[in-house]
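Written out below as structure tokens is the structure these notes cover.
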Amino acid sequence: MIERDISDAMLLEVIDSGEARYKDENHLWAFKEFPERHDNLLCAVLVLEDCVVVKTVMHHFTVL
């Protein structure tokens with residue numbers, strides 16, 4: 001996240017208020033556009049278990 005200039009607050013905003021696309025009932029992508037950034041959407045790859053696991057955070061994400 002440091003290399004991609006993504007703060008903890010931005011990650012929480014992606015998870016809390018971003019759009020979600022589910023792969024299955026436990027795996028999903030949460031993504032959100034931040035207009036002040038010029039690298040497309042920020043995306044968190046998530047796994048829903050007993051808690052939410054953030055596997056990775058990406059930028060330059062494109063929704064297919």
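Residue names in the structure tokens use chain letters A, B, ... in the order shown, residue numbers from 1 in each chain, and ligand numbers from 1 in the order shown.
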
Q | Distance query A:Leu11 at most 10 Å, only C-alpha atoms, self and fewer than 4 positions along chain excluded, as a count of residues only | A | 14

Q: Write down as JSON, numbers by chain the residues of stretch 5-41 of chain A whose backbone DSSP state falls under strand (DSSP E).
A: {"A": [19, 20, 21, 22, 27, 28, 29, 30, 31, 32, 33, 41]}

Q: May I ask which of the residues A:Ile2, A:Ala9, A:Val53, A:Leu41 is the closest one to A:His27, counting only C-alpha atoms?
A: A:Val53

Q: Please measure the separation of atom CA of A:Val63 and atom CA of A:Lys23, giving the value in Å to one decimal.
A: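 Result for atom CA of A:Val63 versus atom CA of A:Lys23: 12.9 Å, one decimal.
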
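Between atom CA of A:Glu36 and atom CA of A:Val52 lies a distance of 26.9 Å.
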
(Q) Could you go through chain A and tell me which residues DSSP, when run on the backbone, assigns to alpha helix (DSSP H), listing them as number ranges by chain? (A) A: 8-17

Q. Nearest to A:Val45: which of A:Glu33, A:Leu28, A:His60, A:Ser17 is it, counting only C-alpha atoms?
A.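 Of A:Glu33, A:Leu28, A:His60, A:Ser17, the one nearest A:Val45, counting only C-alpha atoms, is A:Leu28.
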
Q: Name the closest residue to A:Thr62 among the candidates A:Pro35, A:Asp8, A:Asn40, A:Tyr22; distances are taken between atoms, counting only C-alpha atoms.
A: A:Asn40
